[in-house]
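J.: Have a look at this one.
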Amino acid sequence: MNGANGAMIDTKKIDKEDLFVWLCHIGSQFNSAFLITDPDFPNEPIVFANEKFTEITGYTEQEVLGETNHFLNGKDTCLNTLVQIAESIKNDAIAKVEILHYKKDGTPFWNDLVIQALHNEEQKNIYNIAIFSDITREKQQEAIVLLQQEIYKGIEKGYALSISLQKICDMTETFFPAGAKCSILQIANDETMRIAAAKSLPTEFNEIVHGLSIGTNMGSCGNAAYTKRNVIVDDIQHAECWKDFREITEKHHLKACWSFPVINHENCVIATFGIYFSEKRKAKELELEFIRKVTPLVLLALKNAENQEKILNLAYIDPFSKLTNYNYFLSEFEEMMSDKPSGFLLLIQPSGYTNIVDSYGKKQLASLLSQLSGRIRKLAHKMEIIISRSSEASLIIAGECEEEDIPLCMSRFLQAAKDPIILDGMELFISLRIGVVSLSKYSGSSGDIVRLADIALTRTKLQAGESVVFYEDRFGTEIQEKMAIQNALIYAIKNKEFYVHFQPKVNVQTGLIESFEALARWDSSSLGSVRPDVFIHEAESLGKIQELEIQIIEQVLSWLVRRKAEKLQLFKISVNISTNHFYVPNFVKNLVRMVSDHGIDPKYICLELTESIGLFDLATARKILTDLNKHGFVSSVDDFGKGFSSLSYIHQLPVSEIKIDRSFISNLEEPGAKVIVETIIQLAKSMKMSSVAEGIETEEQLKVLKQLQCPIGQGFYYYKPMSLDEIDAILRAQDY
Ligand code: C2E
Ligand code: CA
Ligand code: CA
């Protein structure tokens, strides 16, 4: 006995019959299926099969003797593999393949097959032996591992859920060779089924399933989702749960369907995994085992997608309005711009949103934006737009359209505010401001384009109410100028480049100088003379206004100190105080210290505040003003009437003077303006306040003011703001 290894047979010394006996002896001891075929007969019949063969295939030796090797083939046996085997045998090589074969009961199995031709000394092929084993289980394990790798790769690379799920279907279909078609249905919160992957199933069938509710009569999957159990239907035509779908299943030859619920940790069915067959089919244990290993992968893919969505939501969704956010916008916009389209990018903002926040809160502002966004989407009609929340109070929108259609589009978007917005059950009428950039006129990075839209939006604030501003080049130079001013301003504050002009405040009845207003001036070493309203505004936005105003107050105090030293008459000087400065903690304390350091009585200092101070925080404003009064300072409300709202709370503020805004004085010939001025003068009187008419330029204006008994006037008619030297000269001339 040469042992069990067929390769060691010395065929030269044995004749065919001896060899056969010997081979049978060896074959019967083999732990794999062992077949011998005889090429000397037509069709090469099987002449021997061992017990293991019977165990694997279900055929007895008697049943297969005389058959050809091919009888194990079936409908899904790969033809190429068969050709490969034939080629190998022809070339006297060993054929080694993995091939799908069929058992006696029709069950396919993966066969790890080796076929070898044996030759005698004349090189004549005398026998062929086939050795094989059922490697279905190994193949299954291999498939599961591959599938796991695929799913993990999908997670790592961020594949879409549908891709991962379809991979699971594809792989499972190859495992079930008999024309299996897989479907994965997601179960939505409303207990309806959504096709997540089912490429192999007929579209018509999928369309019927999509959106169906789960339930016992809803096919295998609906049933499995409903009962949380595996539902193995081996014959659809006779299954109760399929009775409502007989026609469509028959039409598409769907004969069996096994479905498996995918259950999460909270014991909820989140999906079903279904396998359809085109013939009646009972599930084998090995197949169920396979499915038991696949469903966790479906769960994994779904869970990952859910987490992914949560992460995406965090990155791309504004949590308050539930609108997509600026990051999302940018990524979409960049994609849109890759086609170099014509169209627009705009920022849209409700005017007066700070009031909305004050009255309704930030949550309601978010609700307002989301309502607006919904309306704009509708108004955009068929035009595709990208719309997101870009800041607390604005939406950012990009859309593709012809250049000449942009204005029409803008007026359509303005319509979003035609009907009131409902906040907290209240109707709120708003108007919108739009800053817009034409994409065919301006290019650059998306950040650049947004910046241009932002500049245009800022421009809209120059007009009251609703407005649309298209970005123009000249805005850009203005921005550059603004930045130059800001840079120079920081340097100027350090180097004390600011100085002061005084403008006299005059007794209207006598024409005598009563007091002065100190006005800041700046001759920049780099920019030349800069207008006060410009640099004051920039100093405010840079947070430098406090430092600037302190420098002005210092100069005012020095002037008073000088007059005091020269024993000249002192005058009350008004200094302008920005609202930002007014609310700085220790504002009063600092002021008291400065005044006392110079040895000046606080009554010579009047603080001119704009009427908006009360708008911010009336209670605090009152407290500060009371504190100022206590220390002997006086205060005045500047530009009164400009905002109108101040009429309602001015009586609550302990101020001693009201300055009637210049716009009323310049319109004094209009009866309306005259009535307002008269009312303000009377109002001031009734509250024991003085009133000052600002910006008197003509004799006629003065005449009216005299008639209205306005006590104090200020304006070019009397004096322009002047340097301190000029002021000194005038005072000297008037014997003060
Ligand atoms: P304001 O406080 O209303 O100052 C009065 C402004 O009106 C001054 O402009 C003055 O030159 C101008 N004016 C006076 N009489 C007439 C007139 O008859 N006709 C016309 N058309 N204008 C007249 P100015 O000096 O350009 O100052 C502009 C604004 O800058 C001031 O308005 C004030 O709001 C602000 N400002 C100036 N200095 C300071 C400061 O130290 N602090 C703060 N916060 N603001 C200041
Ligand atoms: Ca003023
Ligand atoms: Ca003023």
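Residues are referred to by chain and number: the chain letter is A, B, ... according to the order shown in the structure tokens, the number counts from 1 in that chain, and ligands are numbered separately from 1 in the order shown.
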Name the residues, by chain letter and number, that sit within 8 Å of ligand 1 using only C-alpha atoms and all ligand atoms, and give them as a count of residues only.
T.: 40
J.: Return as a PyMOL selection string the full set of residues in region 274-476 of chain A whose backbone-based DSSP assignment is strand (DSSP E).
T.: chain A and resi 274-277+343-350+385-391+394-400+421-423+426-428+432-438+467-470
J.: I'd like the contact shell of Leu212 (chain A) - 12 Å cut-off, only C-alpha atoms, skipping same-chain residues fewer than 4 positions apart - returned as a list in words.
T.: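 Counting only the stated atoms, we get Leu185, Gln186, Ile187, Ala188, Asp190, Glu191, Thr192, Met193, Arg194, Ile195, Phe205, Asn206, Glu207, Ile208, Thr216, Asn217, Met218, Gly219, Cys221, Gly222, Asn223, Ala225 and Phe245 of chain A.
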J.: For region 433-441 of chain A, work out the shell of residues within 7 Å, counting only C-alpha atoms and skipping chain neighbours fewer than 4 positions away, then give it as a list in words.
T.: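 Contacts, with the query itself left out: Ser342, Gly343, Phe344, Leu345, Leu346, Leu347, Ile348, Gln349, Pro350, Ser351, Leu452, Ala453, Asp454, Ala456, Leu457, Thr460, Glu466, Ser467, Val468, Val469, Phe470 and Tyr471 of chain A.
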J.: Could you save the residues just selected, with N, CA, C and O atoms, as a compact mmCIF listing (two decimals), in the first residue's frame?
T.:
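Contents of out-v5.txt, as written:
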```txt
# COMPACT_ATOMS: atom_id res chain seq x y z
N SER A 342 -24.41 82.25 -14.63
CA SER A 342 -24.85 83.62 -14.34
C SER A 342 -25.96 83.48 -13.33
O SER A 342 -26.65 82.47 -13.26
N GLY A 343 -26.11 84.49 -12.52
CA GLY A 343 -27.09 84.41 -11.44
C GLY A 343 -26.71 85.39 -10.36
O GLY A 343 -26.07 86.41 -10.65
N PHE A 344 -27.05 85.07 -9.13
CA PHE A 344 -26.82 86.04 -8.06
C PHE A 344 -26.48 85.35 -6.76
O PHE A 344 -26.76 84.17 -6.57
N LEU A 345 -25.85 86.12 -5.89
CA LEU A 345 -25.73 85.73 -4.49
C LEU A 345 -26.25 86.91 -3.70
O LEU A 345 -25.91 88.06 -3.99
N LEU A 346 -27.11 86.65 -2.75
CA LEU A 346 -27.65 87.78 -1.99
C LEU A 346 -27.74 87.47 -0.52
O LEU A 346 -27.78 86.32 -0.10
N LEU A 347 -27.72 88.56 0.25
CA LEU A 347 -28.00 88.47 1.68
C LEU A 347 -29.30 89.21 1.90
O LEU A 347 -29.50 90.29 1.35
N ILE A 348 -30.18 88.61 2.67
CA ILE A 348 -31.48 89.24 2.89
C ILE A 348 -31.70 89.32 4.39
O ILE A 348 -31.39 88.39 5.12
N GLN A 349 -32.21 90.48 4.82
CA GLN A 349 -32.33 90.72 6.25
C GLN A 349 -33.59 91.51 6.55
O GLN A 349 -33.90 92.45 5.83
N PRO A 350 -34.34 91.13 7.57
CA PRO A 350 -35.49 91.97 7.94
C PRO A 350 -34.98 93.25 8.58
O PRO A 350 -34.04 93.20 9.36
N SER A 351 -35.56 94.40 8.22
CA SER A 351 -35.05 95.62 8.84
C SER A 351 -35.54 95.68 10.28
O SER A 351 -36.58 95.16 10.63
N LEU A 452 -18.82 90.90 -0.78
CA LEU A 452 -19.40 91.96 -1.61
C LEU A 452 -20.89 92.11 -1.30
O LEU A 452 -21.41 93.22 -1.19
N ALA A 453 -21.58 90.97 -1.15
CA ALA A 453 -23.01 91.03 -0.83
C ALA A 453 -23.22 91.70 0.51
O ALA A 453 -24.17 92.47 0.70
N ASP A 454 -22.29 91.44 1.42
CA ASP A 454 -22.39 92.03 2.75
C ASP A 454 -22.23 93.55 2.68
O ASP A 454 -22.93 94.30 3.35
N ALA A 456 -22.97 95.36 0.09
CA ALA A 456 -24.21 95.87 -0.51
C ALA A 456 -25.33 95.92 0.54
O ALA A 456 -26.11 96.86 0.60
N LEU A 457 -25.36 94.88 1.40
CA LEU A 457 -26.40 94.85 2.44
C LEU A 457 -26.24 96.02 3.40
O LEU A 457 -27.22 96.67 3.79
N THR A 460 -27.83 99.06 2.19
CA THR A 460 -29.30 99.16 2.22
C THR A 460 -29.75 99.95 3.43
O THR A 460 -30.81 100.52 3.45
N GLU A 466 -37.89 99.02 2.98
CA GLU A 466 -37.45 97.97 2.07
C GLU A 466 -36.46 98.50 1.04
O GLU A 466 -36.65 99.58 0.51
N SER A 467 -35.39 97.75 0.80
CA SER A 467 -34.49 98.20 -0.25
C SER A 467 -33.61 97.07 -0.78
O SER A 467 -33.31 96.12 -0.07
N VAL A 468 -33.24 97.24 -2.04
CA VAL A 468 -32.35 96.27 -2.69
C VAL A 468 -31.15 97.05 -3.20
O VAL A 468 -31.31 98.04 -3.90
N VAL A 469 -29.95 96.64 -2.83
CA VAL A 469 -28.76 97.31 -3.35
C VAL A 469 -27.90 96.28 -4.09
O VAL A 469 -27.57 95.23 -3.55
N PHE A 470 -27.58 96.60 -5.34
CA PHE A 470 -26.68 95.76 -6.13
C PHE A 470 -25.25 96.22 -5.87
O PHE A 470 -24.98 97.42 -5.89
N TYR A 471 -24.37 95.29 -5.63
CA TYR A 471 -22.99 95.66 -5.37
C TYR A 471 -22.39 96.36 -6.60
O TYR A 471 -22.59 95.93 -7.73
```
J.: Could you pull the residues within 10 Å of Lys139 (chain A), counting only C-alpha atoms, minus those fewer than 2 positions along the same chain, as an MDAnalysis selection string?
T.: chainID A and resid 98 109:111 134:137 141:145 175
J.: Just the residues within 10 Å of Ala492 (chain A), please, counting only C-alpha atoms, with nothing from its chain fewer than 6 positions along; format it as an NGL selection string.
T.: :A and (485-486 or 498 or 522-526 or 548)
J.: Next, write the just-selected residues to a file, as a PDB file, in the first residue's frame, keeping N, CA, C and O atoms as the atom set.
T.:
```pdb
ATOM      1  N   ILE A 485      -9.016 104.641   7.027  1.00  0.00           N
ATOM      2  CA  ILE A 485      -9.388 105.523   8.136  1.00  0.00           C
ATOM      3  C   ILE A 485      -9.212 104.791   9.465  1.00  0.00           C
ATOM      4  O   ILE A 485      -8.646 105.332  10.420  1.00  0.00           O
ATOM      5  N   GLN A 486      -9.663 103.560   9.491  1.00  0.00           N
ATOM      6  CA  GLN A 486      -9.549 102.799  10.737  1.00  0.00           C
ATOM      7  C   GLN A 486      -8.094 102.646  11.167  1.00  0.00           C
ATOM      8  O   GLN A 486      -7.764 102.813  12.339  1.00  0.00           O
ATOM      9  N   PHE A 498      -6.185 114.365  17.692  1.00  0.00           N
ATOM     10  CA  PHE A 498      -7.505 115.019  17.718  1.00  0.00           C
ATOM     11  C   PHE A 498      -7.421 116.331  18.472  1.00  0.00           C
ATOM     12  O   PHE A 498      -6.689 116.463  19.446  1.00  0.00           O
ATOM     13  N   TRP A 522     -10.095 116.325  13.303  1.00  0.00           N
ATOM     14  CA  TRP A 522      -8.923 115.456  13.080  1.00  0.00           C
ATOM     15  C   TRP A 522      -8.287 115.793  11.740  1.00  0.00           C
ATOM     16  O   TRP A 522      -8.920 115.642  10.704  1.00  0.00           O
ATOM     17  N   ASP A 523      -7.055 116.260  11.788  1.00  0.00           N
ATOM     18  CA  ASP A 523      -6.279 116.411  10.561  1.00  0.00           C
ATOM     19  C   ASP A 523      -5.274 115.280  10.578  1.00  0.00           C
ATOM     20  O   ASP A 523      -4.233 115.367  11.230  1.00  0.00           O
ATOM     21  N   SER A 524      -5.602 114.239   9.862  1.00  0.00           N
ATOM     22  CA  SER A 524      -4.738 113.052   9.901  1.00  0.00           C
ATOM     23  C   SER A 524      -3.444 113.317   9.163  1.00  0.00           C
ATOM     24  O   SER A 524      -3.457 113.939   8.094  1.00  0.00           O
ATOM     25  N   SER A 525      -2.332 112.808   9.734  1.00  0.00           N
ATOM     26  CA  SER A 525      -1.042 113.024   9.070  1.00  0.00           C
ATOM     27  C   SER A 525      -1.008 112.293   7.723  1.00  0.00           C
ATOM     28  O   SER A 525      -0.336 112.714   6.799  1.00  0.00           O
ATOM     29  N   SER A 526      -1.766 111.209   7.593  1.00  0.00           N
ATOM     30  CA  SER A 526      -1.728 110.474   6.322  1.00  0.00           C
ATOM     31  C   SER A 526      -2.920 110.794   5.420  1.00  0.00           C
ATOM     32  O   SER A 526      -2.813 110.760   4.204  1.00  0.00           O
ATOM     33  N   LEU A 548     -11.040 108.493  22.547  1.00  0.00           N
ATOM     34  CA  LEU A 548     -11.100 109.730  21.775  1.00  0.00           C
ATOM     35  C   LEU A 548     -11.810 110.829  22.573  1.00  0.00           C
ATOM     36  O   LEU A 548     -11.326 111.962  22.680  1.00  0.00           O
TER      37      LEU A 548
END
```
J.: List as a PyMOL selection string the protein and nucleic acid residues near Glu55 (chain A), meaning an atom at most 12 Å away when only C-alpha atoms are counted, but skip any in the same chain fewer than 6 places from it.
T.: chain A and resi 31-34+49+61+103-104+132-134
J.: If you run DSSP on this backbone, which residues of region 610-691 of chain A come out as helix (DSSP H, G or I), and could you give them as an MDAnalysis selection string?
T.: chainID A and resid 613:616 618:630 645:648 650:652 662:666 671:686
J.: Would you output that residue set with C-alpha atoms, as a PDB file, in the first residue's frame?
T.:
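As written to disk, part_5.pdb reads:
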```
ATOM      1  CA  ILE A 613     -29.486 106.159  24.915  1.00  0.00           C
ATOM      2  CA  GLY A 614     -32.902 105.511  26.442  1.00  0.00           C
ATOM      3  CA  LEU A 615     -33.648 102.940  23.766  1.00  0.00           C
ATOM      4  CA  PHE A 616     -30.969 100.573  24.974  1.00  0.00           C
ATOM      5  CA  LEU A 618     -33.925 103.097  30.063  1.00  0.00           C
ATOM      6  CA  ALA A 619     -33.459 102.065  33.695  1.00  0.00           C
ATOM      7  CA  THR A 620     -29.660 102.105  33.509  1.00  0.00           C
ATOM      8  CA  ALA A 621     -29.653 105.358  31.522  1.00  0.00           C
ATOM      9  CA  ARG A 622     -31.753 106.963  34.254  1.00  0.00           C
ATOM     10  CA  LYS A 623     -29.414 105.691  36.952  1.00  0.00           C
ATOM     11  CA  ILE A 624     -26.313 107.057  35.251  1.00  0.00           C
ATOM     12  CA  LEU A 625     -27.947 110.410  34.544  1.00  0.00           C
ATOM     13  CA  THR A 626     -29.119 110.709  38.140  1.00  0.00           C
ATOM     14  CA  ASP A 627     -25.600 109.939  39.282  1.00  0.00           C
ATOM     15  CA  LEU A 628     -24.223 112.624  36.932  1.00  0.00           C
ATOM     16  CA  ASN A 629     -26.703 115.164  38.291  1.00  0.00           C
ATOM     17  CA  LYS A 630     -25.725 114.298  41.821  1.00  0.00           C
ATOM     18  CA  SER A 645     -39.552 107.355  19.856  1.00  0.00           C
ATOM     19  CA  SER A 646     -37.748 109.465  22.455  1.00  0.00           C
ATOM     20  CA  LEU A 647     -40.895 111.559  22.940  1.00  0.00           C
ATOM     21  CA  SER A 648     -42.374 108.673  24.882  1.00  0.00           C
ATOM     22  CA  ILE A 650     -37.792 111.632  27.561  1.00  0.00           C
ATOM     23  CA  HIS A 651     -39.752 112.677  30.659  1.00  0.00           C
ATOM     24  CA  GLN A 652     -38.301 109.693  32.483  1.00  0.00           C
ATOM     25  CA  ARG A 662     -31.256 120.366  12.655  1.00  0.00           C
ATOM     26  CA  SER A 663     -33.644 118.789  10.157  1.00  0.00           C
ATOM     27  CA  PHE A 664     -36.640 120.518  11.796  1.00  0.00           C
ATOM     28  CA  ILE A 665     -34.917 123.884  11.823  1.00  0.00           C
ATOM     29  CA  SER A 666     -33.985 123.705   8.154  1.00  0.00           C
ATOM     30  CA  PRO A 671     -46.113 124.096   8.896  1.00  0.00           C
ATOM     31  CA  GLY A 672     -45.582 120.485  10.054  1.00  0.00           C
ATOM     32  CA  ALA A 673     -41.998 121.107  11.137  1.00  0.00           C
ATOM     33  CA  LYS A 674     -42.985 124.327  12.845  1.00  0.00           C
ATOM     34  CA  VAL A 675     -45.643 122.517  14.899  1.00  0.00           C
ATOM     35  CA  ILE A 676     -43.123 119.879  15.930  1.00  0.00           C
ATOM     36  CA  VAL A 677     -40.555 122.487  16.973  1.00  0.00           C
ATOM     37  CA  GLU A 678     -43.193 124.357  18.916  1.00  0.00           C
ATOM     38  CA  THR A 679     -44.313 121.166  20.642  1.00  0.00           C
ATOM     39  CA  ILE A 680     -40.757 120.262  21.608  1.00  0.00           C
ATOM     40  CA  ILE A 681     -40.130 123.744  23.023  1.00  0.00           C
ATOM     41  CA  GLN A 682     -43.346 123.539  25.058  1.00  0.00           C
ATOM     42  CA  LEU A 683     -42.577 119.981  26.147  1.00  0.00           C
ATOM     43  CA  ALA A 684     -39.127 121.066  27.360  1.00  0.00           C
ATOM     44  CA  LYS A 685     -40.593 124.004  29.215  1.00  0.00           C
ATOM     45  CA  SER A 686     -43.176 121.821  30.938  1.00  0.00           C
TER      46      SER A 686
END
```
J.: From the options A:Lys659, A:Lys280, A:Lys243, A:Lys688, which residue's atoms come nearest to ligand 2, counting only C-alpha atoms and all ligand atoms?
T.: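 Comparing A:Lys659, A:Lys280, A:Lys243, A:Lys688 against ligand 2, the winner is A:Lys659.
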J.: From the set A:His631, A:His581, A:His252, A:Lys382, which residue has the shortest atom-to-atom contact distance to Glu540 (chain A), counting only C-alpha atoms?
T.: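 Smallest distance to Glu540 (chain A) is found for A:His581.
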